[in-house]
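Have a look at coords-v6.cif below; it lists mmCIF, C-alpha atoms, pLDDT in the B column; chains and numbers go by the auth columns.
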```
data_final
loop_
_atom_site.group_PDB
_atom_site.id
_atom_site.type_symbol
_atom_site.label_atom_id
_atom_site.label_comp_id
_atom_site.label_asym_id
_atom_site.label_seq_id
_atom_site.Cartn_x
_atom_site.Cartn_y
_atom_site.Cartn_z
_atom_site.B_iso_or_equiv
_atom_site.auth_seq_id
_atom_site.auth_asym_id
ATOM 1 C CA MET A 1 37.424 3.865 2.939 72.00 1 P
ATOM 2 C CA VAL A 2 36.279 1.878 5.967 84.00 2 P
ATOM 3 C CA ARG A 3 32.612 1.416 6.735 89.00 3 P
ATOM 4 C CA SER A 4 31.391 -0.104 9.996 91.00 4 P
ATOM 5 C CA PHE A 5 27.992 -1.306 11.160 91.00 5 P
ATOM 6 C CA LEU A 6 26.559 -1.931 14.636 91.00 6 P
ATOM 7 C CA TYR A 7 23.552 -4.155 15.369 92.00 7 P
ATOM 8 C CA ASP A 8 21.398 -4.692 18.446 90.00 8 P
ATOM 9 C CA ALA A 9 20.715 -8.093 20.051 90.00 9 P
ATOM 10 C CA ALA A 10 17.750 -8.686 17.716 89.00 10 P
ATOM 11 C CA GLY A 11 19.933 -8.124 14.627 90.00 11 P
ATOM 12 C CA ASN A 12 18.590 -4.656 13.779 90.00 12 P
ATOM 13 C CA LEU A 13 21.017 -2.142 12.297 91.00 13 P
ATOM 14 C CA THR A 14 21.627 0.612 14.891 91.00 14 P
ATOM 15 C CA SER A 15 24.629 2.463 13.462 92.00 15 P
ATOM 16 C CA ASP A 16 26.337 2.945 10.096 92.00 16 P
ATOM 17 C CA THR A 17 29.655 4.812 10.110 91.00 17 P
ATOM 18 C CA MET A 18 31.582 5.808 6.998 88.00 18 P
ATOM 19 C CA ALA A 19 34.360 8.371 6.644 83.00 19 P
ATOM 20 C CA GLY A 20 33.721 9.699 10.141 80.00 20 P
ATOM 21 C CA SER A 21 30.017 10.354 9.565 87.00 21 P
ATOM 22 C CA ALA A 22 27.744 8.241 11.750 90.00 22 P
ATOM 23 C CA THR A 23 24.104 7.481 11.042 93.00 23 P
ATOM 24 C CA ALA A 24 22.223 6.146 14.070 94.00 24 P
ATOM 25 C CA TYR A 25 18.935 4.267 13.931 94.00 25 P
ATOM 26 C CA ALA A 26 16.576 4.083 16.943 94.00 26 P
ATOM 27 C CA ILE A 27 14.526 0.888 16.769 92.00 27 P
ATOM 28 C CA SER A 28 11.012 0.572 18.246 90.00 28 P
ATOM 29 C CA ASP A 29 9.861 -2.325 20.415 87.00 29 P
ATOM 30 C CA ALA A 30 8.217 -3.815 17.300 87.00 30 P
ATOM 31 C CA GLY A 31 11.595 -3.855 15.520 89.00 31 P
ATOM 32 C CA ARG A 32 10.816 -0.930 13.176 90.00 32 P
ATOM 33 C CA ILE A 33 12.941 2.175 12.614 92.00 33 P
ATOM 34 C CA ALA A 34 11.604 4.913 14.904 93.00 34 P
ATOM 35 C CA GLN A 35 14.231 7.635 14.376 94.00 35 P
ATOM 36 C CA VAL A 36 17.247 8.381 12.176 93.00 36 P
ATOM 37 C CA SER A 37 20.064 10.679 13.317 93.00 37 P
ATOM 38 C CA VAL A 38 23.118 11.811 11.362 91.00 38 P
ATOM 39 C CA GLY A 39 26.047 13.126 13.387 88.00 39 P
ATOM 40 C CA GLY A 40 23.861 13.284 16.507 88.00 40 P
ATOM 41 C CA VAL A 41 21.209 15.448 14.793 90.00 41 P
ATOM 42 C CA VAL A 42 17.740 13.940 14.367 92.00 42 P
ATOM 43 C CA LYS A 43 16.803 13.842 10.674 92.00 43 P
ATOM 44 C CA ALA A 44 13.636 11.712 10.597 92.00 44 P
ATOM 45 C CA THR A 45 11.015 10.212 12.894 93.00 45 P
ATOM 46 C CA TYR A 46 8.658 7.380 11.925 93.00 46 P
ATOM 47 C CA LEU A 47 5.278 6.425 13.456 92.00 47 P
ATOM 48 C CA TYR A 48 3.354 3.213 12.797 91.00 48 P
ATOM 49 C CA ASP A 49 -0.344 2.323 13.026 86.00 49 P
ATOM 50 C CA GLY A 50 -1.976 -0.607 14.862 84.00 50 P
ATOM 51 C CA LYS A 51 -1.142 -2.993 11.995 86.00 51 P
ATOM 52 C CA ASN A 52 2.550 -1.978 12.221 87.00 52 P
ATOM 53 C CA ARG A 53 2.400 -0.063 8.909 88.00 53 P
ATOM 54 C CA LEU A 54 4.280 3.198 8.439 89.00 54 P
ATOM 55 C CA SER A 55 1.679 5.929 8.920 86.00 55 P
ATOM 56 C CA VAL A 56 3.643 9.147 9.576 87.00 56 P
ATOM 57 C CA ARG A 57 7.108 10.214 8.401 87.00 57 P
ATOM 58 C CA GLN A 58 8.527 13.456 9.819 89.00 58 P
ATOM 59 C CA THR A 59 11.736 14.876 8.362 88.00 59 P
ATOM 60 C CA VAL A 60 13.565 17.719 10.136 88.00 60 P
ATOM 61 C CA ASN A 61 16.920 19.475 9.834 82.00 61 P
ATOM 62 C CA MET A 62 17.101 18.658 6.125 76.00 62 P
ATOM 63 C CA THR A 63 15.651 19.786 2.817 73.00 63 P
ATOM 64 C CA PRO A 64 12.843 19.070 2.178 72.00 64 P
ATOM 65 C CA SER A 65 11.454 18.956 5.692 77.00 65 P
ATOM 66 C CA GLY A 66 7.891 18.176 6.682 80.00 66 P
ATOM 67 C CA THR A 67 5.348 15.596 7.707 83.00 67 P
ATOM 68 C CA GLN A 68 3.915 12.978 5.364 82.00 68 P
ATOM 69 C CA HIS A 69 0.894 10.829 6.243 80.00 69 P
ATOM 70 C CA LEU A 70 0.635 7.463 4.495 81.00 70 P
ATOM 71 C CA ILE A 71 -2.816 5.969 3.928 78.00 71 P
ATOM 72 C CA HIS A 72 -3.072 2.243 3.212 79.00 72 P
ATOM 73 C CA ASP A 73 -5.726 0.260 1.383 75.00 73 P
ATOM 74 C CA VAL A 74 -7.317 -2.974 2.620 73.00 74 P
ATOM 75 C CA TRP A 75 -4.361 -4.971 1.244 78.00 75 P
ATOM 76 C CA ASP A 76 -1.849 -2.845 3.182 81.00 76 P
ATOM 77 C CA HIS A 77 -0.496 -1.103 0.077 80.00 77 P
ATOM 78 C CA VAL A 78 0.166 2.625 0.314 79.00 78 P
ATOM 79 C CA LEU A 79 -2.863 4.268 -1.292 73.00 79 P
ATOM 80 C CA VAL A 80 -1.738 7.859 -0.996 71.00 80 P
ATOM 81 C CA GLU A 81 0.946 9.900 0.726 75.00 81 P
ATOM 82 C CA THR A 82 -0.208 13.326 1.889 73.00 82 P
ATOM 83 C CA ASN A 83 1.525 16.284 3.488 71.00 83 P
ATOM 84 C CA GLY A 84 -1.070 17.364 6.029 64.00 84 P
ATOM 85 C CA ALA A 85 -3.558 16.019 8.544 56.00 85 P
ATOM 86 C CA GLY A 86 -6.603 17.420 6.704 63.00 86 P
ATOM 87 C CA GLN A 87 -5.664 15.538 3.561 68.00 87 P
ATOM 88 C CA ALA A 88 -5.055 12.412 5.606 68.00 88 P
ATOM 89 C CA VAL A 89 -8.638 12.572 6.824 73.00 89 P
ATOM 90 C CA LEU A 90 -9.870 12.773 3.219 77.00 90 P
ATOM 91 C CA ALA A 91 -7.790 9.780 2.176 76.00 91 P
ATOM 92 C CA ARG A 92 -8.974 7.792 5.194 75.00 92 P
ATOM 93 C CA ARG A 93 -12.585 8.675 4.370 80.00 93 P
ATOM 94 C CA PHE A 94 -12.228 7.217 0.877 81.00 94 P
ATOM 95 C CA THR A 95 -10.539 4.072 2.224 77.00 95 P
ATOM 96 C CA MET A 96 -13.394 3.578 4.703 79.00 96 P
ATOM 97 C CA LEU A 97 -15.956 4.013 1.880 81.00 97 P
ATOM 98 C CA VAL A 98 -14.235 1.333 -0.215 79.00 98 P
ATOM 99 C CA ARG A 99 -14.029 -1.024 2.774 76.00 99 P
ATOM 100 C CA ALA A 100 -17.693 -0.478 3.659 78.00 100 P
ATOM 101 C CA CYS A 101 -18.768 -1.263 0.092 78.00 101 P
ATOM 102 C CA GLY A 102 -16.646 -4.431 -0.040 72.00 102 P
ATOM 103 C CA VAL A 103 -17.713 -7.977 0.712 65.00 103 P
ATOM 104 C CA GLY A 104 -19.200 -8.156 4.204 67.00 104 P
ATOM 105 C CA GLY A 105 -18.982 -4.396 4.703 67.00 105 P
ATOM 106 C CA ASP A 106 -21.706 -2.154 6.071 74.00 106 P
ATOM 107 C CA ARG A 107 -22.617 -0.494 2.752 74.00 107 P
ATOM 108 C CA PRO A 108 -23.796 3.139 3.123 77.00 108 P
ATOM 109 C CA ALA A 109 -27.331 4.004 1.952 78.00 109 P
ATOM 110 C CA ASP A 110 -26.011 6.191 -0.892 81.00 110 P
ATOM 111 C CA PRO A 111 -22.466 5.102 -1.892 81.00 111 P
ATOM 112 C CA ALA A 112 -22.605 7.160 -5.106 81.00 112 P
ATOM 113 C CA GLY A 113 -23.465 10.276 -3.083 83.00 113 P
ATOM 114 C CA GLU A 114 -20.614 9.555 -0.666 83.00 114 P
ATOM 115 C CA ARG A 115 -18.258 9.171 -3.636 85.00 115 P
ATOM 116 C CA ASP A 116 -19.439 12.469 -5.164 85.00 116 P
ATOM 117 C CA ARG A 117 -19.013 14.331 -1.845 84.00 117 P
ATOM 118 C CA TRP A 118 -15.520 12.867 -1.469 83.00 118 P
ATOM 119 C CA LEU A 119 -14.556 13.861 -5.031 85.00 119 P
ATOM 120 C CA LEU A 120 -15.825 17.415 -4.418 83.00 120 P
ATOM 121 C CA ASP A 121 -13.999 17.755 -1.070 81.00 121 P
ATOM 122 C CA THR A 122 -10.807 16.307 -2.517 81.00 122 P
ATOM 123 C CA GLY A 123 -10.916 18.610 -5.522 77.00 123 P
ATOM 124 C CA ASN A 124 -10.974 21.603 -3.150 75.00 124 P
ATOM 125 C CA CYS A 125 -8.310 20.418 -0.681 75.00 125 P
ATOM 126 C CA GLY A 126 -5.269 21.758 -2.559 74.00 126 P
ATOM 127 C CA ASP A 127 -3.174 18.587 -2.215 75.00 127 P
ATOM 128 C CA THR A 128 -1.725 17.554 -5.592 78.00 128 P
ATOM 129 C CA ALA A 129 -1.440 13.838 -4.769 78.00 129 P
ATOM 130 C CA LEU A 130 -5.049 13.566 -3.637 78.00 130 P
ATOM 131 C CA GLY A 131 -6.179 15.795 -6.489 81.00 131 P
ATOM 132 C CA THR A 132 -4.514 13.487 -9.009 84.00 132 P
ATOM 133 C CA LEU A 133 -6.100 10.435 -7.368 83.00 133 P
ATOM 134 C CA ALA A 134 -9.532 12.087 -7.396 84.00 134 P
ATOM 135 C CA ALA A 135 -9.169 13.180 -11.032 86.00 135 P
ATOM 136 C CA GLY A 136 -8.257 9.639 -12.071 87.00 136 P
ATOM 137 C CA LEU A 137 -11.197 8.180 -10.150 85.00 137 P
ATOM 138 C CA ALA A 138 -13.590 10.767 -11.587 86.00 138 P
ATOM 139 C CA GLN A 139 -12.345 9.956 -15.092 89.00 139 P
ATOM 140 C CA ASP A 140 -13.234 6.316 -14.567 86.00 140 P
ATOM 141 C CA GLY A 141 -16.524 7.134 -12.826 83.00 141 P
ATOM 142 C CA ALA A 142 -18.531 4.220 -14.254 86.00 142 P
ATOM 143 C CA ALA A 143 -16.067 1.641 -12.956 85.00 143 P
ATOM 144 C CA LEU A 144 -15.914 3.293 -9.534 84.00 144 P
ATOM 145 C CA GLN A 145 -19.724 3.471 -9.438 84.00 145 P
ATOM 146 C CA ALA A 146 -19.960 -0.256 -10.232 83.00 146 P
ATOM 147 C CA ALA A 147 -17.310 -1.148 -7.644 81.00 147 P
ATOM 148 C CA LEU A 148 -19.135 0.758 -4.896 81.00 148 P
ATOM 149 C CA THR A 149 -22.703 -0.272 -5.706 81.00 149 P
ATOM 150 C CA THR A 150 -22.611 -3.869 -6.968 80.00 150 P
ATOM 151 C CA SER A 151 -21.684 -7.038 -5.123 73.00 151 P
ATOM 152 C CA TRP A 152 -19.913 -8.557 -8.132 74.00 152 P
ATOM 153 C CA SER A 153 -16.287 -9.581 -7.865 71.00 153 P
ATOM 154 C CA ASN A 154 -13.824 -11.015 -10.343 75.00 154 P
ATOM 155 C CA ALA A 155 -11.929 -12.854 -7.608 75.00 155 P
ATOM 156 C CA GLN A 156 -13.056 -16.304 -8.807 79.00 156 P
ATOM 157 C CA ALA A 157 -11.898 -15.636 -12.369 84.00 157 P
ATOM 158 C CA GLU A 158 -8.590 -14.170 -11.179 84.00 158 P
ATOM 159 C CA GLY A 159 -8.004 -17.219 -8.978 85.00 159 P
ATOM 160 C CA GLN A 160 -8.560 -19.608 -11.895 84.00 160 P
ATOM 161 C CA ILE A 161 -6.269 -17.560 -14.155 86.00 161 P
ATOM 162 C CA SER A 162 -3.526 -17.561 -11.509 88.00 162 P
ATOM 163 C CA ARG A 163 -3.874 -21.336 -11.076 84.00 163 P
ATOM 164 C CA LEU A 164 -3.607 -21.932 -14.833 82.00 164 P
ATOM 165 C CA LYS A 165 -0.562 -19.654 -15.115 85.00 165 P
ATOM 166 C CA MET A 166 1.105 -21.573 -12.286 83.00 166 P
ATOM 167 C CA LEU A 167 0.460 -24.863 -14.095 79.00 167 P
ATOM 168 C CA GLU A 168 1.878 -23.462 -17.340 79.00 168 P
ATOM 169 C CA ARG A 169 5.001 -22.199 -15.580 80.00 169 P
ATOM 170 C CA THR A 170 5.674 -25.495 -13.843 78.00 170 P
ATOM 171 C CA MET A 171 5.251 -27.425 -17.118 74.00 171 P
ATOM 172 C CA TYR A 172 7.169 -24.978 -19.347 75.00 172 P
ATOM 173 C CA GLY A 173 9.629 -26.804 -21.595 74.00 173 P
ATOM 174 C CA ARG A 174 8.933 -30.182 -19.997 74.00 174 P
ATOM 175 C CA ALA A 175 5.835 -31.526 -21.653 71.00 175 P
ATOM 176 C CA SER A 176 3.669 -31.427 -24.727 78.00 176 P
ATOM 177 C CA PHE A 177 0.406 -29.526 -25.085 77.00 177 P
ATOM 178 C CA ALA A 178 -1.551 -32.781 -24.634 81.00 178 P
ATOM 179 C CA LEU A 179 -0.015 -33.396 -21.185 80.00 179 P
ATOM 180 C CA LEU A 180 -0.558 -29.756 -20.167 75.00 180 P
ATOM 181 C CA ARG A 181 -4.212 -30.002 -21.270 79.00 181 P
ATOM 182 C CA ARG A 182 -4.720 -33.235 -19.312 81.00 182 P
ATOM 183 C CA ARG A 183 -3.076 -31.811 -16.176 77.00 183 P
ATOM 184 C CA THR A 184 -5.215 -28.640 -16.417 75.00 184 P
ATOM 185 C CA LEU A 185 -8.415 -30.638 -16.720 79.00 185 P
ATOM 186 C CA ILE A 186 -7.483 -32.981 -13.854 76.00 186 P
ATOM 187 C CA ALA A 187 -6.656 -30.009 -11.593 66.00 187 P
ATOM 188 C CA ALA A 188 -10.052 -28.483 -12.294 63.00 188 P
#
```
Would you encode the structure as structure tokens?
Amino acid sequence: MVRSFLYDAAGNLTSDTMAGSATAYAISDAGRIAQVSVGGVVKATYLYDGKNRLSVRQTVNMTPSGTQHLIHDVWDHVLVETNGAGQAVLARRFTMLVRACGVGGDRPADPAGERDRWLLDTGNCGDTALGTLAAGLAQDGAALQAALTTSWSNAQAEGQISRLKMLERTMYGRASFALLRRRTLIAA
């Protein structure tokens, strides 16, 4: 079985042919996949947001078909994937609430009230992914309340722990505990 690949001038894969079936990839100006076609029939279209993150995936002429909206958190991880624009608005609303309550954000006057309204709206939206997210957040209500209303952060502690783990990994199997202790204290 012979398989062949074609690439554009920038090195992006544009075609994959195997056993007579060709898959074509349309590449956007930003170098991201914009469309996938199999045998000349469009199967998927991809849209990206201002930060070049995948935000909408539309699948057609295949099972399952539909539109998925991807909502990202402040660290650009996918927070939730929804199947409709109304649910996307709900997910975006929660992301904006978390961002506003973060360091340097414009904290709302009643973050707990905003959270409760979001949980109520999400519980009634009918989307299983958002419903599961909301149920998990409601279950851990005290932690969510503290995250939205206090200015405390464990970033300093996490940074120190990461630094110590890095030192341990670099010294693993090479030195005694006394040398590791001395190096840790000197680095502090």
With the file shown as input, list the residues that the PyMOL selection byres ((chain P and resi 149) around 8) selects, as a PyMOL selection string.
chain P and resi 101+111-112+145-148+150-151
Could you give me, as a PyMOL selection string, the residues within 7 Å of P:Val38, counting only C-alpha atoms and dropping anything in the same chain fewer than 4 positions from it?
chain P and resi 22-24+42-43
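The two atoms in question, atom CA of P:Ser21 and atom CA of P:Thr67, are spaced 25.3 Å apart.
Take atom CA of P:Asp73 and atom CA of P:Arg92: the distance between them is 9.0 Å.
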Identify all residues satisfying the PyMOL selection byres ((chain P and resi 48-60) around 12) in the given file; provide them as a PyMOL selection string.
chain P and resi 28-38+41-47+61-85+88+92
Print the selection's residues with C-alpha atoms to a file, as a compact mmCIF listing (two decimals), in the frame of the given file.
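The resulting file, again-v3.txt, is shown below:
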```
# COMPACT_ATOMS: atom_id res chain seq x y z
CA SER P 28 11.01 0.57 18.25
CA ASP P 29 9.86 -2.33 20.42
CA ALA P 30 8.22 -3.82 17.30
CA GLY P 31 11.60 -3.86 15.52
CA ARG P 32 10.82 -0.93 13.18
CA ILE P 33 12.94 2.17 12.61
CA ALA P 34 11.60 4.91 14.90
CA GLN P 35 14.23 7.64 14.38
CA VAL P 36 17.25 8.38 12.18
CA SER P 37 20.06 10.68 13.32
CA VAL P 38 23.12 11.81 11.36
CA VAL P 41 21.21 15.45 14.79
CA VAL P 42 17.74 13.94 14.37
CA LYS P 43 16.80 13.84 10.67
CA ALA P 44 13.64 11.71 10.60
CA THR P 45 11.02 10.21 12.89
CA TYR P 46 8.66 7.38 11.92
CA LEU P 47 5.28 6.42 13.46
CA ASN P 61 16.92 19.48 9.83
CA MET P 62 17.10 18.66 6.12
CA THR P 63 15.65 19.79 2.82
CA PRO P 64 12.84 19.07 2.18
CA SER P 65 11.45 18.96 5.69
CA GLY P 66 7.89 18.18 6.68
CA THR P 67 5.35 15.60 7.71
CA GLN P 68 3.92 12.98 5.36
CA HIS P 69 0.89 10.83 6.24
CA LEU P 70 0.64 7.46 4.50
CA ILE P 71 -2.82 5.97 3.93
CA HIS P 72 -3.07 2.24 3.21
CA ASP P 73 -5.73 0.26 1.38
CA VAL P 74 -7.32 -2.97 2.62
CA TRP P 75 -4.36 -4.97 1.24
CA ASP P 76 -1.85 -2.84 3.18
CA HIS P 77 -0.50 -1.10 0.08
CA VAL P 78 0.17 2.62 0.31
CA LEU P 79 -2.86 4.27 -1.29
CA VAL P 80 -1.74 7.86 -1.00
CA GLU P 81 0.95 9.90 0.73
CA THR P 82 -0.21 13.33 1.89
CA ASN P 83 1.52 16.28 3.49
CA GLY P 84 -1.07 17.36 6.03
CA ALA P 85 -3.56 16.02 8.54
CA ALA P 88 -5.06 12.41 5.61
CA ARG P 92 -8.97 7.79 5.19
```
Which polymer residues, protein or nucleic acid, are no farther than 10 Å from (-5.9, 19.1, -2.5), counting only C-alpha atoms, as a short mmCIF file (atom, residue, chain, number, x, y, z; two decimals) with C-alpha atoms, in the coordinates of the input?
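Here's the written file selection01.cif:
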```cif
data_model
loop_
_atom_site.label_atom_id
_atom_site.label_comp_id
_atom_site.auth_asym_id
_atom_site.auth_seq_id
_atom_site.Cartn_x
_atom_site.Cartn_y
_atom_site.Cartn_z
CA THR P 82 -0.21 13.33 1.89
CA ASN P 83 1.52 16.28 3.49
CA GLY P 84 -1.07 17.36 6.03
CA GLY P 86 -6.60 17.42 6.70
CA GLN P 87 -5.66 15.54 3.56
CA LEU P 90 -9.87 12.77 3.22
CA ASP P 121 -14.00 17.76 -1.07
CA THR P 122 -10.81 16.31 -2.52
CA GLY P 123 -10.92 18.61 -5.52
CA ASN P 124 -10.97 21.60 -3.15
CA CYS P 125 -8.31 20.42 -0.68
CA GLY P 126 -5.27 21.76 -2.56
CA ASP P 127 -3.17 18.59 -2.22
CA THR P 128 -1.72 17.55 -5.59
CA ALA P 129 -1.44 13.84 -4.77
CA LEU P 130 -5.05 13.57 -3.64
CA GLY P 131 -6.18 15.80 -6.49
CA THR P 132 -4.51 13.49 -9.01
CA LEU P 133 -6.10 10.44 -7.37
CA ALA P 134 -9.53 12.09 -7.40
#
```
Near-P:Leu164 list (12 Å; only C-alpha atoms; drop same-chain fewer than 3 positions) as a compact mmCIF listing (two decimals) with C-alpha atoms, keeping the file's coordinate frame:
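What landed in part_14.txt:
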```
# COMPACT_ATOMS: atom_id res chain seq x y z
CA ALA P 157 -11.90 -15.64 -12.37
CA GLU P 158 -8.59 -14.17 -11.18
CA GLY P 159 -8.00 -17.22 -8.98
CA GLN P 160 -8.56 -19.61 -11.90
CA ILE P 161 -6.27 -17.56 -14.16
CA LEU P 167 0.46 -24.86 -14.10
CA GLU P 168 1.88 -23.46 -17.34
CA ARG P 169 5.00 -22.20 -15.58
CA THR P 170 5.67 -25.50 -13.84
CA MET P 171 5.25 -27.42 -17.12
CA LEU P 180 -0.56 -29.76 -20.17
CA ARG P 181 -4.21 -30.00 -21.27
CA ARG P 183 -3.08 -31.81 -16.18
CA THR P 184 -5.22 -28.64 -16.42
CA LEU P 185 -8.41 -30.64 -16.72
CA ILE P 186 -7.48 -32.98 -13.85
CA ALA P 187 -6.66 -30.01 -11.59
CA ALA P 188 -10.05 -28.48 -12.29
```
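Between atom CA of P:Val89 and atom CA of P:Gly113 the interatomic distance comes to 18.0 Å.
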Please identify all polymer residues within 10 Å of P:Arg93, counting all atoms listed in the file, omitting same-chain residues fewer than 6 positions from it, and present them as a compact mmCIF listing (two decimals) with C-alpha atoms, keeping the file's coordinate frame.
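For reference, around.txt as written:
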```txt
# COMPACT_ATOMS: atom_id res chain seq x y z
CA GLN P 87 -5.66 15.54 3.56
CA ARG P 99 -14.03 -1.02 2.77
CA GLU P 114 -20.61 9.56 -0.67
CA ARG P 115 -18.26 9.17 -3.64
CA TRP P 118 -15.52 12.87 -1.47
```
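Evaluated on this file, the PyMOL selection byres ((chain P and resi 3) around 7) matches Met1, Val2, Ser4, Phe5, Thr17 and Met18 of chain P.
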Mind dumping stretch 31-42 of chain P from that block, keeping N, CA, C and O atoms, as a CSV table (one decimal), in the first residue's frame?
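Result file part25.csv:
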```
chain,number,residue,atom,x,y,z
P,31,GLY,N,-1.4,29.6,9.3
P,31,GLY,CA,-0.8,28.2,9.3
P,31,GLY,C,-1.6,27.2,10.1
P,31,GLY,O,-1.0,26.1,10.5
P,32,ARG,N,-2.9,27.4,10.3
P,32,ARG,CA,-3.7,26.5,11.0
P,32,ARG,C,-4.7,25.8,10.0
P,32,ARG,O,-5.0,26.4,9.0
P,33,ILE,N,-5.1,24.6,10.3
P,33,ILE,CA,-6.0,23.9,9.4
P,33,ILE,C,-7.4,24.6,9.4
P,33,ILE,O,-7.9,24.9,10.5
P,34,ALA,N,-7.9,25.0,8.2
P,34,ALA,CA,-9.1,25.7,8.1
P,34,ALA,C,-10.2,24.8,7.6
P,34,ALA,O,-11.4,25.0,8.0
P,35,GLN,N,-9.9,23.8,6.8
P,35,GLN,CA,-10.9,22.9,6.3
P,35,GLN,C,-10.3,21.6,5.9
P,35,GLN,O,-9.1,21.5,5.5
P,36,VAL,N,-11.1,20.5,6.1
P,36,VAL,CA,-10.6,19.2,5.7
P,36,VAL,C,-11.7,18.6,4.7
P,36,VAL,O,-12.9,18.6,5.0
P,37,SER,N,-11.2,18.1,3.6
P,37,SER,CA,-12.0,17.4,2.6
P,37,SER,C,-11.5,16.0,2.3
P,37,SER,O,-10.3,15.8,2.3
P,38,VAL,N,-12.4,15.1,2.2
P,38,VAL,CA,-12.1,13.7,1.8
P,38,VAL,C,-12.8,13.4,0.5
P,38,VAL,O,-14.0,13.5,0.4
P,39,GLY,N,-12.0,13.1,-0.5
P,39,GLY,CA,-12.5,12.8,-1.9
P,39,GLY,C,-13.2,14.0,-2.5
P,39,GLY,O,-14.2,13.8,-3.2
P,40,GLY,N,-12.8,15.2,-2.2
P,40,GLY,CA,-13.4,16.4,-2.7
P,40,GLY,C,-14.7,16.9,-2.0
P,40,GLY,O,-15.2,17.9,-2.3
P,41,VAL,N,-15.1,16.2,-0.9
P,41,VAL,CA,-16.2,16.5,-0.1
P,41,VAL,C,-15.8,17.1,1.2
P,41,VAL,O,-15.0,16.5,1.9
P,42,VAL,N,-16.2,18.3,1.5
P,42,VAL,CA,-15.8,19.0,2.8
P,42,VAL,C,-16.4,18.2,3.9
P,42,VAL,O,-17.6,17.9,4.0
```
